[in-house]
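As provided, model-v8.cif (mmCIF, C-alpha atoms) reads as follows.
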data_target
#
loop_
_atom_site.label_atom_id
_atom_site.label_comp_id
_atom_site.auth_asym_id
_atom_site.auth_seq_id
_atom_site.Cartn_x
_atom_site.Cartn_y
_atom_site.Cartn_z
CA MET M 1 20.16 53.96 -95.38
CA ALA M 2 23.63 53.67 -96.86
CA ILE M 3 26.37 55.02 -94.60
CA SER M 4 28.73 57.48 -96.22
CA THR M 5 32.09 57.93 -94.51
CA GLY M 6 33.41 60.56 -96.87
CA ILE M 7 34.42 63.90 -95.38
CA HIS M 8 33.19 66.88 -97.38
CA ALA M 9 35.51 69.85 -97.49
CA GLY M 10 34.82 72.93 -95.47
CA ILE M 11 32.36 74.06 -92.84
CA HIS M 12 28.77 73.19 -93.65
CA VAL M 13 26.38 76.09 -93.17
CA SER M 14 22.95 74.49 -92.96
CA PRO M 15 19.99 75.98 -94.85
CA GLU M 16 17.77 74.44 -92.14
CA PHE M 17 18.98 76.96 -89.55
CA PRO M 18 16.32 79.70 -90.00
CA ALA M 19 13.47 77.18 -89.96
CA THR M 20 14.87 75.56 -86.81
CA LEU M 21 14.90 78.91 -85.01
CA GLU M 22 11.30 79.45 -86.10
CA ARG M 23 10.33 76.07 -84.66
CA ILE M 24 12.04 76.95 -81.37
CA ASP M 25 10.12 80.22 -81.26
CA ALA M 26 6.87 78.35 -81.88
CA LEU M 27 7.63 75.95 -79.01
CA GLY M 28 8.94 78.69 -76.71
CA PRO M 29 5.73 79.64 -74.87
CA THR M 30 4.98 75.98 -74.16
CA LEU M 31 8.50 75.35 -72.88
CA ASP M 32 8.21 78.36 -70.62
CA ALA M 33 4.80 77.30 -69.32
CA ARG M 34 5.98 73.76 -68.54
CA ALA M 35 9.28 74.73 -66.87
CA ASP M 36 8.00 74.58 -63.29
CA ALA M 37 6.33 71.23 -63.89
CA ALA M 38 9.58 69.89 -65.37
CA GLU M 39 11.39 70.92 -62.18
CA GLU M 40 8.89 68.97 -60.08
CA LEU M 41 9.25 65.96 -62.37
CA GLY M 42 13.06 66.19 -62.37
CA ARG M 43 13.26 65.82 -66.17
CA LEU M 44 11.64 67.18 -69.28
CA PRO M 45 8.14 65.75 -69.82
CA GLU M 46 8.12 63.22 -72.64
CA GLU M 47 5.82 65.38 -74.75
CA THR M 48 8.24 68.30 -74.39
CA ALA M 49 11.25 66.16 -75.29
CA GLY M 50 9.42 64.69 -78.25
CA ALA M 51 8.55 68.14 -79.55
CA LEU M 52 12.21 69.18 -79.30
CA TRP M 53 13.40 66.13 -81.22
CA ASP M 54 10.69 66.69 -83.84
CA ALA M 55 11.91 70.28 -84.19
CA GLY M 56 15.27 68.89 -85.36
CA LEU M 57 17.37 69.96 -82.40
CA ILE M 58 19.40 66.76 -82.24
CA ARG M 59 19.57 66.38 -86.01
CA ALA M 60 21.04 69.90 -86.12
CA GLU M 61 24.45 68.67 -84.96
CA LEU M 62 24.46 65.24 -86.58
CA PRO M 63 26.81 64.74 -89.55
CA LYS M 64 25.39 65.50 -92.97
CA SER M 65 26.98 62.32 -94.31
CA LEU M 66 24.72 60.33 -91.96
CA GLY M 67 21.58 62.29 -92.81
CA GLY M 68 21.89 65.09 -90.25
CA ASP M 69 21.72 68.84 -90.79
CA GLU M 70 25.28 69.53 -89.54
CA PHE M 71 24.89 73.14 -88.47
CA SER M 72 28.04 75.25 -88.33
CA PRO M 73 29.41 76.10 -84.86
CA ARG M 74 27.94 79.60 -84.89
CA GLN M 75 24.58 78.23 -86.00
CA LEU M 76 24.67 75.73 -83.13
CA ILE M 77 25.61 78.40 -80.59
CA GLU M 78 22.66 80.53 -81.66
CA THR M 79 20.32 77.50 -81.66
CA VAL M 80 21.13 76.64 -78.04
CA GLU M 81 21.06 80.34 -77.12
CA ARG M 82 17.54 80.73 -78.55
CA LEU M 83 16.25 77.59 -76.84
CA SER M 84 17.78 78.54 -73.48
CA ARG M 85 16.01 81.90 -73.54
CA TYR M 86 12.73 80.00 -73.26
CA ASP M 87 13.85 77.36 -70.76
CA ALA M 88 17.38 76.98 -69.38
CA THR M 89 16.78 73.34 -68.47
CA ALA M 90 15.58 72.46 -71.96
CA GLY M 91 18.59 74.27 -73.40
CA TRP M 92 21.01 72.40 -71.14
CA THR M 93 19.39 69.03 -71.82
CA VAL M 94 19.44 69.53 -75.58
CA MET M 95 23.03 70.78 -75.72
CA ALA M 96 24.22 67.80 -73.64
CA LEU M 97 22.38 65.27 -75.80
CA GLN M 98 23.53 67.06 -78.96
CA LEU M 99 27.16 66.81 -77.88
CA MET M 100 27.15 63.18 -76.77
CA THR M 101 25.04 61.95 -79.68
CA CYS M 102 26.69 63.92 -82.43
CA SER M 103 30.31 63.46 -81.39
CA THR M 104 29.60 59.73 -81.20
CA ALA M 105 28.15 59.81 -84.70
CA ALA M 106 31.16 61.71 -86.04
CA TYR M 107 33.95 59.74 -84.39
CA LEU M 108 32.79 56.11 -84.48
CA GLY M 109 33.57 53.99 -87.54
CA PRO M 110 31.18 52.43 -90.06
CA VAL M 111 30.19 49.38 -87.99
CA ALA M 112 28.97 51.43 -85.03
CA ALA M 113 27.53 54.15 -87.27
CA ALA M 114 25.38 51.61 -89.09
CA ASP M 115 24.26 50.17 -85.74
CA LEU M 116 23.49 53.43 -83.93
CA PHE M 117 22.57 55.82 -86.75
CA PRO M 118 20.77 53.75 -89.40
CA ASP M 119 18.33 56.43 -90.63
CA VAL M 120 19.00 59.83 -89.13
CA ALA M 121 16.90 61.71 -91.66
CA ASN M 122 13.80 59.85 -90.47
CA GLY M 123 14.65 60.00 -86.76
CA ASP M 124 15.98 56.44 -86.42
CA HIS M 125 19.13 56.89 -84.38
CA ALA M 126 20.53 56.45 -80.88
CA LEU M 127 20.35 59.25 -78.33
CA LEU M 128 23.36 59.36 -76.01
CA ALA M 129 24.00 60.83 -72.58
CA GLY M 130 26.91 60.45 -70.22
CA HIS M 131 30.11 61.96 -68.93
CA GLY M 132 33.82 61.74 -69.40
CA THR M 133 35.88 63.66 -66.85
CA ARG M 134 36.39 60.66 -64.55
CA PRO M 135 37.17 57.69 -66.81
CA GLY M 136 36.21 54.15 -66.05
CA ARG M 137 38.51 51.14 -66.41
CA ALA M 138 38.71 49.18 -69.67
CA VAL M 139 40.37 45.75 -69.64
CA PRO M 140 41.32 44.64 -73.16
CA VAL M 141 39.77 41.33 -74.23
CA GLU M 142 39.25 39.74 -77.62
CA GLY M 143 37.16 42.07 -79.77
CA GLY M 144 36.84 44.87 -77.24
CA PHE M 145 36.96 45.77 -73.55
CA LEU M 146 35.47 44.78 -70.22
CA VAL M 147 34.39 48.10 -68.77
CA SER M 148 33.85 49.04 -65.12
CA GLY M 149 33.36 52.41 -63.52
CA GLU M 150 31.13 55.04 -62.00
CA TRP M 151 30.42 58.27 -63.83
CA GLN M 152 28.68 61.50 -62.82
CA PHE M 153 26.44 64.22 -64.23
CA ALA M 154 24.76 62.42 -67.13
CA SER M 155 22.55 65.32 -68.21
CA GLY M 156 19.59 64.20 -70.29
CA MET M 157 19.89 60.55 -69.25
CA ALA M 158 16.10 60.26 -68.89
CA HIS M 159 15.79 60.57 -72.67
CA ALA M 160 18.85 58.58 -73.75
CA THR M 161 18.91 55.16 -75.36
CA HIS M 162 22.69 54.75 -75.08
CA ILE M 163 25.61 55.80 -72.87
CA HIS M 164 28.62 57.95 -73.76
CA SER M 165 31.50 57.46 -71.29
CA ALA M 166 35.25 57.92 -71.03
CA ILE M 167 37.35 54.83 -70.30
CA GLN M 168 41.05 54.35 -69.69
CA VAL M 169 42.57 51.24 -71.22
CA GLU M 170 44.41 49.11 -68.69
CA GLY M 171 48.06 48.67 -69.65
CA SER M 172 48.36 51.40 -72.28
CA GLY M 173 46.59 54.18 -70.38
CA GLU M 174 44.90 55.22 -73.62
CA LEU M 175 41.76 57.31 -73.13
CA ARG M 176 38.82 56.18 -75.23
CA ILE M 177 35.13 57.03 -75.47
CA LEU M 178 32.52 54.29 -75.61
CA ALA M 179 28.93 53.93 -76.73
CA MET M 180 26.77 51.20 -75.21
CA PRO M 181 23.08 50.60 -74.50
CA LYS M 182 21.70 52.35 -71.43
CA SER M 183 20.32 48.99 -70.27
CA ARG M 184 23.89 47.86 -69.50
CA VAL M 185 24.41 50.35 -66.65
CA GLU M 186 22.83 50.95 -63.25
CA LEU M 187 21.31 54.42 -62.93
CA ILE M 188 21.82 56.18 -59.58
CA GLU M 189 18.90 58.47 -58.75
CA ASN M 190 20.89 61.17 -56.97
CA TRP M 191 20.22 64.46 -58.77
CA ASP M 192 19.09 66.58 -55.79
CA VAL M 193 20.08 70.17 -56.51
CA LEU M 194 18.70 73.72 -56.53
CA GLY M 195 19.31 74.54 -60.19
CA LEU M 196 18.96 72.67 -63.48
CA ARG M 197 16.73 70.24 -61.62
CA ALA M 198 14.96 69.02 -64.75
CA THR M 199 18.16 67.99 -66.55
CA TYR M 200 18.19 64.61 -64.72
CA SER M 201 21.99 64.80 -64.47
CA ILE M 202 22.32 61.59 -62.48
CA ASP M 203 25.27 59.27 -61.87
CA TYR M 204 25.56 55.72 -63.24
CA ARG M 205 27.85 52.70 -62.96
CA CYS M 206 28.66 49.28 -64.36
CA THR M 207 30.97 46.33 -63.70
CA ASP M 208 32.72 44.19 -66.34
CA VAL M 209 30.41 45.06 -69.22
CA PHE M 210 31.72 44.00 -72.63
CA VAL M 211 31.95 46.82 -75.17
CA PRO M 212 33.12 46.02 -78.72
CA GLU M 213 36.15 48.00 -79.84
CA THR M 214 34.10 49.10 -82.86
CA HIS M 215 31.92 51.06 -80.43
CA THR M 216 34.82 53.06 -78.97
CA TYR M 217 37.09 55.77 -80.29
CA VAL M 218 40.24 57.57 -79.13
CA GLY M 219 39.12 60.46 -76.94
CA THR M 220 41.59 62.97 -78.39
CA THR M 221 40.81 62.28 -82.03
CA THR M 222 40.34 65.11 -84.49
CA THR M 223 39.84 62.77 -87.48
CA PRO M 224 36.13 62.06 -87.91
CA PRO M 225 35.09 59.11 -90.09
CA ASN M 226 31.74 60.85 -90.57
CA GLY M 227 30.80 64.45 -91.24
CA GLY M 228 32.63 67.55 -92.28
CA ALA M 229 35.21 70.03 -91.09
CA MET M 230 33.45 71.03 -87.87
CA TYR M 231 34.21 67.70 -86.22
CA ARG M 232 37.96 68.16 -86.75
CA MET M 233 38.02 70.50 -83.74
CA GLY M 234 37.79 67.59 -81.27
CA LEU M 235 35.40 66.63 -78.49
CA VAL M 236 36.20 69.33 -75.89
CA ASN M 237 35.97 72.17 -78.39
CA MET M 238 32.63 70.78 -79.54
CA ALA M 239 31.48 70.83 -75.91
CA ALA M 240 32.27 74.54 -75.72
CA ILE M 241 29.73 75.26 -78.46
CA GLY M 242 26.69 74.25 -76.44
CA HIS M 243 27.87 75.63 -73.11
CA THR M 244 28.61 79.00 -74.68
CA GLY M 245 25.19 79.19 -76.33
CA TRP M 246 23.50 78.19 -73.08
CA ALA M 247 25.16 80.97 -71.09
CA LEU M 248 24.25 83.58 -73.70
CA GLY M 249 20.61 82.48 -73.70
CA VAL M 250 20.39 82.58 -69.90
CA GLY M 251 21.89 86.06 -69.76
CA ARG M 252 19.49 87.36 -72.39
CA ARG M 253 16.45 85.95 -70.59
CA LEU M 254 17.49 87.41 -67.23
CA LEU M 255 17.88 90.90 -68.66
CA ASP M 256 14.57 90.61 -70.51
CA GLU M 257 12.83 89.55 -67.29
CA MET M 258 14.42 92.44 -65.40
CA ARG M 259 13.12 94.85 -68.01
CA SER M 260 9.60 93.42 -67.56
CA VAL M 261 9.83 93.82 -63.79
CA ALA M 262 11.01 97.41 -64.21
CA ALA M 263 8.11 98.22 -66.53
CA LYS M 264 5.60 96.96 -63.95
CA ARG M 265 7.14 98.80 -61.00
CA THR M 266 8.16 102.12 -62.46
CA GLY M 267 6.19 105.01 -61.05
CA SER M 268 5.34 103.23 -57.80
CA ARG M 269 6.36 104.73 -54.47
CA ASN M 270 10.16 104.61 -53.88
CA ALA M 271 10.63 102.27 -56.83
CA PRO M 272 14.34 101.32 -57.08
CA VAL M 273 13.91 100.83 -60.83
CA ASP M 274 13.23 104.58 -61.19
CA THR M 275 16.70 105.47 -59.93
CA SER M 276 19.68 106.49 -62.04
CA HIS M 277 21.67 103.81 -60.23
CA PHE M 278 19.42 101.07 -61.63
CA HIS M 279 19.49 102.54 -65.14
CA ALA M 280 23.30 102.68 -65.11
CA GLU M 281 23.68 99.12 -63.80
CA TYR M 282 21.18 97.75 -66.31
CA ALA M 283 22.99 99.50 -69.16
CA ALA M 284 26.35 98.16 -67.99
CA ALA M 285 24.96 94.62 -67.75
CA GLU M 286 23.49 94.91 -71.23
CA ALA M 287 26.86 96.09 -72.55
CA ARG M 288 28.73 93.23 -70.88
CA LEU M 289 26.39 90.61 -72.33
CA ARG M 290 26.44 92.08 -75.83
CA ALA M 291 30.23 92.41 -75.73
CA ALA M 292 30.62 88.79 -74.63
CA ARG M 293 28.34 87.67 -77.45
CA ALA M 294 30.28 89.69 -80.01
CA TRP M 295 33.58 88.21 -78.85
CA VAL M 296 32.13 84.70 -78.99
CA ARG M 297 31.16 85.26 -82.61
CA GLU M 298 34.63 86.65 -83.38
CA VAL M 299 36.38 83.64 -81.84
CA TRP M 300 34.17 81.13 -83.61
CA ALA M 301 34.36 82.96 -86.94
CA SER M 302 38.14 82.46 -86.78
CA VAL M 303 37.68 78.78 -85.90
CA GLU M 304 35.28 78.24 -88.79
CA ALA M 305 37.60 80.02 -91.24
CA THR M 306 40.54 77.81 -90.25
CA LEU M 307 38.56 74.58 -90.50
CA ASP M 308 36.90 75.70 -93.73
CA ALA M 309 40.32 76.20 -95.29
CA GLY M 310 41.36 72.68 -94.30
CA GLY M 311 43.63 73.76 -91.47
CA SER M 312 43.98 72.59 -87.89
CA LEU M 313 43.25 74.82 -84.93
CA SER M 314 46.23 76.51 -83.34
CA THR M 315 46.94 76.42 -79.61
CA GLU M 316 45.85 80.05 -79.48
CA GLN M 317 42.49 79.18 -81.05
CA ASP M 318 42.03 76.27 -78.62
CA THR M 319 42.84 78.68 -75.81
CA LEU M 320 40.42 81.35 -76.98
CA ILE M 321 37.58 78.82 -77.32
CA ARG M 322 38.02 77.92 -73.67
CA LEU M 323 38.56 81.51 -72.58
CA ALA M 324 35.50 82.80 -74.45
CA LEU M 325 33.35 80.15 -72.76
CA ASN M 326 34.78 80.96 -69.34
CA HIS M 327 34.39 84.70 -69.89
CA THR M 328 30.82 84.35 -71.16
CA THR M 329 29.76 82.12 -68.28
CA TRP M 330 31.09 84.43 -65.60
CA THR M 331 29.91 87.56 -67.40
CA VAL M 332 26.41 86.10 -67.33
CA GLN M 333 26.86 85.30 -63.64
CA GLU M 334 27.61 89.01 -63.09
CA VAL M 335 24.51 89.89 -65.11
CA GLY M 336 22.53 87.58 -62.85
CA GLN M 337 23.81 89.41 -59.78
CA VAL M 338 22.62 92.71 -61.21
CA VAL M 339 19.18 91.23 -61.84
CA HIS M 340 19.06 89.71 -58.36
CA ARG M 341 20.01 93.04 -56.79
CA TRP M 342 17.24 95.02 -58.51
CA ALA M 343 14.42 92.51 -59.04
CA GLY M 344 13.31 92.57 -55.40
CA SER M 345 10.70 89.97 -54.51
CA ALA M 346 10.61 88.73 -58.13
CA ALA M 347 14.03 87.20 -57.48
CA ILE M 348 12.81 85.11 -54.54
CA ARG M 349 9.28 84.06 -55.45
CA ARG M 350 8.59 81.14 -57.76
CA GLY M 351 8.94 82.41 -61.30
CA PRO M 352 11.34 82.84 -64.21
CA ILE M 353 13.91 85.04 -62.44
CA ASP M 354 14.16 82.73 -59.42
CA ARG M 355 14.43 79.67 -61.66
CA TYR M 356 16.99 81.19 -64.03
CA LEU M 357 19.16 82.42 -61.17
CA ARG M 358 19.18 78.93 -59.65
CA ASP M 359 19.91 77.33 -63.02
CA LEU M 360 22.74 79.80 -63.61
CA ALA M 361 24.27 79.16 -60.19
CA THR M 362 24.41 75.45 -61.02
CA GLY M 363 25.59 75.91 -64.62
CA THR M 364 28.57 78.04 -63.59
CA GLN M 365 29.98 75.07 -61.68
CA HIS M 366 30.57 73.01 -64.82
CA ILE M 367 34.15 71.84 -65.18
CA THR M 368 34.66 73.69 -68.48
CA SER M 369 34.30 77.04 -66.69
CA ASN M 370 36.22 76.34 -63.51
CA PRO M 371 39.09 78.58 -62.31
CA VAL M 372 41.82 76.12 -63.33
CA VAL M 373 40.79 76.38 -66.98
CA LEU M 374 41.04 80.16 -66.72
CA GLN M 375 44.48 79.85 -65.12
CA ASN M 376 45.66 77.57 -67.93
CA CYS M 377 44.39 80.07 -70.52
CA GLY M 378 46.39 82.78 -68.76
CA LYS M 379 49.52 80.64 -68.66
CA TRP M 380 49.49 80.19 -72.40
CA LEU M 381 48.43 83.71 -73.35
CA SER M 382 51.05 85.29 -71.08
CA GLY M 383 53.82 83.25 -72.70
CA ASP M 384 54.49 81.19 -69.59
CA GLN M 385 53.67 77.90 -71.34
CA ASN M 386 55.11 78.29 -74.86
CA GLY M 387 55.38 74.98 -76.69
CA THR M 388 52.41 73.39 -74.91
CA HIS M 389 49.12 72.19 -76.34
CA TRP M 390 45.66 71.49 -75.00
CA GLU M 391 44.55 67.97 -74.19
CA PHE M 392 40.99 68.20 -72.93
CA LEU M 393 41.20 70.95 -70.26
CA ASP M 394 44.92 70.59 -69.51
CA LEU M 395 47.99 72.24 -71.03
CA LEU M 396 50.61 69.60 -71.83
CA PRO M 397 54.15 69.76 -73.27
#
Structure re-expressed in structure tokens:
Amino acid sequence: MAISTGIHAGIHVSPEFPATLERIDALGPTLDARADAAEELGRLPEETAGALWDAGLIRAELPKSLGGDEFSPRQLIETVERLSRYDATAGWTVMALQLMTCSTAAYLGPVAAADLFPDVANGDHALLAGHGTRPGRAVPVEGGFLVSGEWQFASGMAHATHIHSAIQVEGSGELRILAMPKSRVELIENWDVLGLRATYSIDYRCTDVFVPETHTYVGTTTTPPNGGAMYRMGLVNMAAIGHTGWALGVGRRLLDEMRSVAAKRTGSRNAPVDTSHFHAEYAAAEARLRAARAWVREVWASVEATLDAGGSLSTEQDTLIRLALNHTTWTVQEVGQVVHRWAGSAAIRRGPIDRYLRDLATGTQHITSNPVVLQNCGKWLSGDQNGTHWEFLDLLP
């Protein structure tokens, strides 16, 4: 297909959104039923992954100018939220592959876009996984870079065709993001964890692999050659979309499971779920989750309005994106503690509550929700760091 590099004005609100949610709901029971098997396998079964791709869950975040559906941020948050209610691992895998694939599609130029995304509408495109918080080394050579490094936590790598990785250019110190075939790296089978076991978030490495400059972009860019206004928020803000939706979906599923447990046990001898204490704690947890969700939608409505009007995000908006993600993640962790406290044996036997609690415990450790990010948000909001701006997860002068 012909590659269009024009940027259409405004936020694109996709008409495909309702149908995509319906397809997720149709797949939901199967995802739920296969979740334990996926844990044993250490990745999503191929038939499960294929069904998710066929449902349009990668296409949802791909630029419209390349043939994607280009959901708005709030549509994407709700998409990942809905999927994660059925299976937290599937939700995490999809949001990671969405981010790496779709940011690559937006930020690479026409040569790489034609190579990696030749026919998005018909499913002919690369699928990228990888990581960027510990950059590899890039030695400039004619036409590109010789890249070496070791990267961690490549969620969804089992399903990827290509690698997304951060590199630091030797000499200039410039941070860039690359895309290269998965066959060029060595995969390290070291994902041995309690939660999110089926995300296959392994490490990988390479030594002196040539990557054309056309297949790299500046990591801090907010000028996308492909797609619309959404991609002007930058890579880290795009990452917050999926992580926020994932946390909301996990919190909703845990409270729904707790309600099911309560319904089965109410009326039995000395049932804790018949106490006023349980009812009060459940109500408070429900309020915290709903309040977090409402604030997320408020923050992202402001972001969409700014981008839709052609503006750039302010430091306050960048701060609130990070703070809303941090707040949502740790609110859901508190919700999980309430469920763990009252679910009794359902929280320790194999089943949805046990699995979701383990997945949540792992998901809270992601770098985007760590305490330093929260501290940096507080520094700016309290006025201690006036005149600074965000670069990835750091406040800089």
Compile a residue-level contact table for segment 165-201 of chain M against segment 44-68 of chain M at a cut-off of 12 Å, reporting for every qualifying residue the shortest atom pair and its distance in Å to one decimal, with only C-alpha atoms counted, rows ordered by chain and ascending number, as a tab-separated table.
residue	atom	partner	partner_atom	distance
M:Leu196	CA	M:Leu44	CA	10.8
M:Arg197	CA	M:Leu44	CA	9.7
M:Ala198	CA	M:Leu44	CA	5.9
M:Thr199	CA	M:Leu44	CA	7.1
M:Tyr200	CA	M:Leu44	CA	8.4
M:Ser201	CA	M:Leu44	CA	11.7
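Residues selected in this file by the PyMOL selection byres ((chain M and resi 286-302) around 7) comprise Arg74, Leu248, Gly251, Tyr282, Ala283, Ala284, Ala285, Val303, Glu304, Ala305, Thr306, Leu320, Ile321, Ala324, Thr328, Thr331 and Val332 of chain M.
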With only C-alpha atoms as the basis for distance, which of M:Ala346, M:Glu70, M:Thr275, M:Asp25 is at the shortest distance from Ala121 of chain M?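 Looking at the shortest contact to Ala121 of chain M, the residue is M:Glu70.
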List the neighbours of Asp115 of chain M out to 10 Å using only C-alpha atoms; skip same-chain residues closer than 3 positions along the sequence, and give me the result as a VMD selection string. chain M and resid 110 to 112 118 to 119 125 to 126 215
d(atom CA of Ser172 of chain M, atom CA of Cys102 of chain M) in Å: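 That distance, rounded to one decimal, is 27.0 Å.
Remark: for Asn190 of chain M, the closest of the candidate residues M:Val147, M:Gly42, M:Ala88, M:Ser369 is M:Gly42 (distances computed over only C-alpha atoms).
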Run the PyMOL selection byres ((chain M and resi 397) around 8) against the file shown and list the residues it catches, as a PyMOL selection string. chain M and resi 387-389+395-396
